[in-house]
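Written below as structure tokens is the structure these notes are about.
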Amino acid sequence: MSVSLRLGRRSEADAGVAPVPDAAALLVRDAAVAFGERCLWRNVSFALERGMFAALLGPNGVGKSTLLRAIVALQPLSEGEIRVFGLPPVRGRRYVGYLPQRRSFDAALRVRGIDVVRLGLDGTRWGIPLPGIGPFITAGERAARQRVTELIRLVGAEAYAHRPIGELSGGEQQRLLLAQALARRPRLLLLDEPLDSLDIANQSAIAALIQRICRDEDVAVLMVAHDVNPIVRYLDRVIYLAPEGAASGSVEEVITSERLSALYRTPIDVLRASDGRLVIVGAPEEGTPFAIGGHTGVHGPR
Amino acid sequence: MNGLLEIFSYHFMVNAFRAGTIVALAAAMIGWFAVLRRESFAAHTLAVASVPGAAGATLLGTSATGGGMLFCAIAALAIAAFPRGQSARGFSEEPAVIGVVQALALASGFLFVSLYHGLLTGTNALLFGNVLGIADTQVLVLVVVAIGALAALGAIARPLLFASIDPLVAAAHGVRVRLLSTFFLLLLGLAAAEASQIVGALLVFALLVLPAATAQRLTARPLTGLALSAALGLAATWLGLLLAYYTPYPASFYITTLAFAAFAATRWSRGVPPWRRHASTSQACEEVA
């Protein structure tokens with residue numbers, strides 16, 4: 001508890017520090033995370049340039065979410081360092097947006113989508129936001145509402161932003177949460193499996209939306225995914241995470257039988273289906289198919 | 001009109017209205033967050049903790065109101081010491097420790113009541129409230145604590161809303177989620193102790209949960225919901241006190257029944273069955289926007 005309290009205080013002081021000019025959006029150097037004796041991953045190094053759209057891939061349980069949590073200072077590193085725009089990670093950085101992996105909101109949660117988006121903008125401020133009516137709205141309040149409207153338009157959620165978020169579909173909630181993560185105009189957006197539990201149509205719609213945001217708003221995106229195919233055509237970079245290191249580069253460089261076999265120390269085959277989909281097959285343990293960011297077997301969704 | 005004025009010629013009725021008003025406000029607004037955070041069970045347990053507090057204080061010959069609040073605060077800290085499973089999945093179940101605290105509180109309350117033989121008639125007051133027997137000093141304590149708790153709630157309202165809806169993102173934004181939960185449980189403990197003075201430890205839901213739950217069914221806007229919850233709590237309390245004055249039945253019964261009636265009425269308020277709600281809410285939004 002003492003650790004998180006200290007981090008909490010530090011973030012309040014450091015959160016507003018301006019990014020270092022010309023520094024990479026994200027730099028991870030020789031990083032390791034251990035829980036007690038057990039090392040989750042180590043020797044992880046990669047960089048993410050500004051404005052790039054990257055996928056963070058790897059088998060289930062390898063610690064992709066933990067890496068994201070380390071970047072937002074929710075998880076301390078046991079070795080190495082992380083630099084976000086040249087600065088060490090602290091909580092509450094204005095220019096880092098974070099969307100944790102989630103189930104959907106409780107269906108009975110009676111708070112509007114627009115309120116959830118608004119919390120991303122000034123949810124950390126003390127006090128009650130005074131509503132104000134007509135000419136009695138302060139300039140700050142007016143600007144905040146303007147920004148929320150803008151965000152909702154950006155993610156295409158105008159039709160349902162005023163409904164209780166618990167009543168919305170997974171895809172609708174995901175769009176609103178994306179808007180929330182974008183509220184403070186982050187330059188780096190960390191997304192943990194945003195396509196998880198969405199249907200195929202929504203998966204590609206959200207992936208396209210994220211790429212549009214990445215390009216139009218000049219935001220670097222690091223997105224955890226368990227399947228590379230819905231996003232592969234949008235990606236500038238892929239980063240594969242393994243217990244003993246990480247491989248990063250373009251899709252063509254990294255998703256090859258040689259690179260992945262070397263990284264995971266087990267024979268892995270990368271096959272390209274006739275429609276361009278990647279099929280990644282391997283078996284680190286007897287009989288268990290090894291899903292590392294592609295489809296195992298032949299039953300991949302289209 | 002004469003009838004209404006006549007009520008206030010009785011000092012005990014004046015005190016009942018004073019105490020009922022401030023407690024209804026505090027309980028309804030703090031309760032709104034408790035309902036949002038799915039902490040109804042915690043609220044009930046905290047209220048039950050006021051029983052050994054008040055009984056113990058009476059046994060020691062000190063203020064029952066103060067004793068109730070002290071025990072509620074201790075119970076709040078005990079519950080906060082065992083946090084809900086870290087919120088990767090958002091709302092999680094309230095832990096069994098709350099049930100443990102409640103059982104212990106009731107058992108020790110029973111012990112204190114047995115030790116203090118003269119209190120046997122007071123047990124009903126502890127469990128079902130005794131709003132018509134509130135003394136001036138109690139009113140003062142209730143008002144001071146309620147205003148303090150409301151001011152504190154106002155100060156933390158926005159980060160608390162954030163942490164309640166979205167604990168992980170709030171933490172990443174630098175909100176100290178754990179600290180806020182503990183602090184909120186303390187506020188909830190105070191509100192529960194106050195509410196049990198009016199409607200009794202077993203009926204605190206009438207002031208803490210029912211107005212808030214009703215408000216949340218009626219509106220998904222946080223500020224409107226808070227105001228509506230307060231208004232509903234006030235209405236139930238005032239009407240309940242009036243009815244109790246003119247009839248031979250207890251105020252707690254009326255307040256609880258009125259609060260329940262409001263909640264039940266929301267079932268039919270829209271005239272639309274739940275499965276047709278989507279269409280009706282989106283129309284309402286367009287009007288609002």
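The way I read the labels, and the way they are meant: chains A, B, ... in the order of the structure tokens, residue 1 as the first residue of every chain, and ligand 1 as the first ligand shown, with later ones counted on from there.
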Leaving out range 211-213 of chain A and any residue of its chain fewer than 4 positions from it, which residues lie within 7 Å of it when counting only C-alpha atoms, given as a PDB file with N, CA and C atoms, in the first residue's frame?
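Produced file around_35.pdb, reproduced below:
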ATOM      1  N   PHE A  53       1.214   2.850 -35.151  1.00  0.00           N
ATOM      2  CA  PHE A  53       0.188   1.937 -34.657  1.00  0.00           C
ATOM      3  C   PHE A  53       0.853   0.571 -34.503  1.00  0.00           C
ATOM      4  N   ALA A 207     -11.088  -1.380 -35.155  1.00  0.00           N
ATOM      5  CA  ALA A 207      -9.695  -1.349 -35.601  1.00  0.00           C
ATOM      6  C   ALA A 207      -9.479  -0.202 -36.578  1.00  0.00           C
ATOM      7  N   GLU A 217      -5.050  12.131 -35.496  1.00  0.00           N
ATOM      8  CA  GLU A 217      -4.739  12.853 -34.262  1.00  0.00           C
ATOM      9  C   GLU A 217      -3.260  12.709 -33.906  1.00  0.00           C
ATOM     10  N   VAL A 219      -1.478  10.095 -32.865  1.00  0.00           N
ATOM     11  CA  VAL A 219      -1.323   9.421 -31.585  1.00  0.00           C
ATOM     12  C   VAL A 219      -0.605   8.089 -31.835  1.00  0.00           C
ATOM     13  N   TYR A 234      -3.637  -2.562 -40.696  1.00  0.00           N
ATOM     14  CA  TYR A 234      -3.498  -1.201 -40.195  1.00  0.00           C
ATOM     15  C   TYR A 234      -2.156  -0.970 -39.495  1.00  0.00           C
TER      16      TYR A 234
END
**Message:** Report as number ranges by chain all protein, DNA and RNA residues lying within 10 Å of Ala96 in chain B, evaluated on only C-alpha atoms, omitting residues in the same chain fewer than 4 positions from it.
**Reply:** B: 79, 82, 84, 100-101
Produce a file of the selected residues containing C-alpha atoms, as a PDB file, in the first residue's frame.
ATOM      1  CA  ILE B  79     -14.542  -3.715   6.086  1.00  0.00           C
ATOM      2  CA  PHE B  82     -10.423  -6.434   3.426  1.00  0.00           C
ATOM      3  CA  ARG B  84     -12.978  -6.295  -2.716  1.00  0.00           C
ATOM      4  CA  VAL B 100     -18.546 -11.534   9.562  1.00  0.00           C
ATOM      5  CA  VAL B 101     -18.576  -7.960  10.838  1.00  0.00           C
TER       6      VAL B 101
END
**Message:** Using only C-alpha atoms, I'd like every residue of chain A that has an atom within 8 Å of chain B; please write them out as a PyMOL selection string.
**Reply:** chain A and resi 5+8+11-12+72-74+91-93+98-103+105-106+109-112+115-116+119+123-129+159-160+162-164+167
Go ahead and dump the residues you just picked, N, CA and C atoms, as a compact mmCIF listing (two decimals), in the first residue's frame.
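So out_4.txt came out as:
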# COMPACT_ATOMS: atom_id res chain seq x y z
N LEU A 5 0.72 4.48 -2.56
CA LEU A 5 0.47 5.82 -2.03
C LEU A 5 1.56 6.77 -2.50
N GLY A 8 1.13 7.55 -5.98
CA GLY A 8 0.00 8.45 -6.14
C GLY A 8 0.43 9.90 -5.96
N SER A 11 2.61 11.13 -8.81
CA SER A 11 1.94 11.40 -10.07
C SER A 11 1.30 12.78 -10.06
N GLU A 12 0.80 13.19 -8.91
CA GLU A 12 0.16 14.50 -8.86
C GLU A 12 1.15 15.60 -9.20
N VAL A 72 1.90 2.55 -17.43
CA VAL A 72 1.12 3.58 -16.73
C VAL A 72 1.40 3.57 -15.23
N ALA A 73 2.49 2.92 -14.83
CA ALA A 73 2.95 2.95 -13.43
C ALA A 73 1.99 2.26 -12.47
N LEU A 74 1.19 1.33 -12.98
CA LEU A 74 0.36 0.53 -12.08
C LEU A 74 1.12 -0.72 -11.65
N ARG A 91 1.66 7.80 -12.79
CA ARG A 91 0.22 7.78 -13.05
C ARG A 91 -0.27 9.17 -13.38
N GLY A 92 -1.29 9.21 -14.17
CA GLY A 92 -1.96 10.47 -14.41
C GLY A 92 -1.31 11.37 -15.43
N ARG A 93 -0.39 10.84 -16.25
CA ARG A 93 0.17 11.67 -17.33
C ARG A 93 -0.95 12.06 -18.29
N TYR A 98 -5.12 5.32 -21.45
CA TYR A 98 -5.04 3.90 -21.11
C TYR A 98 -6.44 3.32 -21.08
N LEU A 99 -6.60 2.23 -21.79
CA LEU A 99 -7.89 1.53 -21.81
C LEU A 99 -7.64 0.10 -21.37
N PRO A 100 -7.91 -0.20 -20.09
CA PRO A 100 -7.61 -1.55 -19.61
C PRO A 100 -8.51 -2.60 -20.25
N GLN A 101 -8.06 -3.84 -20.15
CA GLN A 101 -8.88 -4.94 -20.67
C GLN A 101 -10.14 -5.00 -19.83
N ARG A 102 -11.25 -5.20 -20.47
CA ARG A 102 -12.45 -5.22 -19.65
C ARG A 102 -13.50 -6.13 -20.22
N ARG A 103 -14.20 -6.62 -19.35
CA ARG A 103 -15.52 -7.15 -19.54
C ARG A 103 -16.41 -5.95 -19.83
N PHE A 105 -19.50 -3.20 -18.89
CA PHE A 105 -20.03 -2.60 -17.66
C PHE A 105 -21.23 -3.40 -17.16
N ASP A 106 -21.42 -3.38 -15.89
CA ASP A 106 -22.59 -3.99 -15.26
C ASP A 106 -23.85 -3.48 -15.97
N LEU A 109 -25.71 -0.66 -14.47
CA LEU A 109 -25.05 0.62 -14.17
C LEU A 109 -25.78 1.76 -14.84
N ARG A 110 -26.38 2.63 -14.03
CA ARG A 110 -27.21 3.70 -14.58
C ARG A 110 -26.44 5.01 -14.60
N VAL A 111 -25.41 5.05 -15.42
CA VAL A 111 -24.68 6.29 -15.64
C VAL A 111 -24.53 6.41 -17.15
N ARG A 112 -24.76 7.64 -17.67
CA ARG A 112 -24.76 7.80 -19.11
C ARG A 112 -23.35 7.66 -19.71
N ASP A 115 -21.28 10.75 -19.45
CA ASP A 115 -20.66 11.01 -18.14
C ASP A 115 -19.36 10.22 -18.00
N VAL A 116 -19.36 9.01 -18.55
CA VAL A 116 -18.16 8.19 -18.48
C VAL A 116 -17.04 8.83 -19.31
N LEU A 119 -15.58 11.81 -17.44
CA LEU A 119 -14.65 11.47 -16.36
C LEU A 119 -13.22 11.37 -16.86
N GLY A 123 -12.15 13.72 -14.43
CA GLY A 123 -12.64 12.87 -13.35
C GLY A 123 -11.75 12.87 -12.12
N THR A 124 -10.52 13.35 -12.26
CA THR A 124 -9.62 13.33 -11.11
C THR A 124 -9.74 14.60 -10.28
N ARG A 125 -10.45 15.61 -10.80
CA ARG A 125 -10.53 16.87 -10.06
C ARG A 125 -11.47 16.74 -8.88
N TRP A 126 -11.13 17.45 -7.80
CA TRP A 126 -11.97 17.43 -6.61
C TRP A 126 -13.27 18.18 -6.84
N GLY A 127 -14.22 17.94 -5.99
CA GLY A 127 -15.45 18.73 -6.01
C GLY A 127 -16.50 18.19 -6.95
N ILE A 128 -17.58 18.92 -7.03
CA ILE A 128 -18.70 18.53 -7.88
C ILE A 128 -18.71 19.49 -9.07
N PRO A 129 -18.80 18.97 -10.28
CA PRO A 129 -18.91 19.89 -11.40
C PRO A 129 -20.27 20.58 -11.37
N ALA A 159 -25.38 8.57 -31.32
CA ALA A 159 -26.73 8.02 -31.23
C ALA A 159 -27.04 7.45 -29.85
N TYR A 160 -26.01 7.07 -29.10
CA TYR A 160 -26.30 6.38 -27.84
C TYR A 160 -25.52 6.93 -26.65
N HIS A 162 -26.07 9.30 -24.73
CA HIS A 162 -26.89 9.76 -23.61
C HIS A 162 -27.62 8.62 -22.92
N ARG A 163 -27.40 7.41 -23.37
CA ARG A 163 -28.06 6.28 -22.72
C ARG A 163 -27.17 5.72 -21.62
N PRO A 164 -27.79 5.07 -20.62
CA PRO A 164 -26.98 4.44 -19.56
C PRO A 164 -26.00 3.44 -20.18
N GLU A 167 -26.54 -0.36 -20.58
CA GLU A 167 -27.50 -0.89 -21.54
C GLU A 167 -26.91 -1.06 -22.93
**Message:** Taking the DSSP secondary structure from the backbone, can you list the residues of range 78-255 of chain A that are alpha helix (DSSP H), as a ChimeraX atom specification?
**Reply:** /A:113-122,139-154,170-181,200-216,251-254
**Request:** In Å, rounded to a single decimal, give me how far CA of Ile71 in chain A is from CA of Ser181 in chain B.
**Result:** 24.5 Å
**Item:** Which residue of A:Ala107, A:Ala246, A:Val270, A:Ala161 approaches Arg42 in chain A most closely, using only C-alpha atoms
**Value:**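 Among the listed residues, the smallest separation from Arg42 in chain A belongs to A:Ala246.
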**Request:** Point out the residue among B:Leu239, B:Ala42, B:Leu203, B:Ile198 with the least atom-to-atom distance to Gly133 in chain B, counting only C-alpha atoms.
**Result:** B:Ile198
**Message:** Report as a ChimeraX atom specification all protein, DNA and RNA residues lying within 10 Å of Ala181 in chain A, evaluated on only C-alpha atoms, omitting residues in the same chain fewer than 2 positions from it.
**Reply:** /A:96-100,117,119-121,151,175-179,183-186,189-191 /B:169
**Message:** I'd like the contact shell of Gly148 in chain B - 10 Å cut-off, only C-alpha atoms, skipping same-chain residues fewer than 5 positions apart - returned as a ChimeraX atom specification.
**Reply:** /B:26,142-143,153-154,187,190
**Request:** Tell me, as a PyMOL selection string, which residues lie within 8 Å of Phe71 in chain B, counting only C-alpha atoms; anything in the same chain fewer than 2 positions away does not count.
**Result:** chain B and resi 49-50+52-53+67-69+73-75
**Prompt:** If we count only C-alpha atoms, what is near Ala28 in chain B at a cut-off of 7 Å, once residues fewer than 6 positions away on the same chain are taken out, given as an MDAnalysis selection string?
**Reply:** chainID B and resid 207:208 211:212 229:230 233
**Request:** With a distance cut-off of 12 Å and only C-alpha atoms, select the neighbouring residues of Leu87 in chain A, excluding the residue or stretch itself and same-chain residues fewer than 5 positions from it, and output the selection as an NGL selection string.
**Result:** :A and (14-28 or 71-73 or 81-82 or 93 or 95-96)
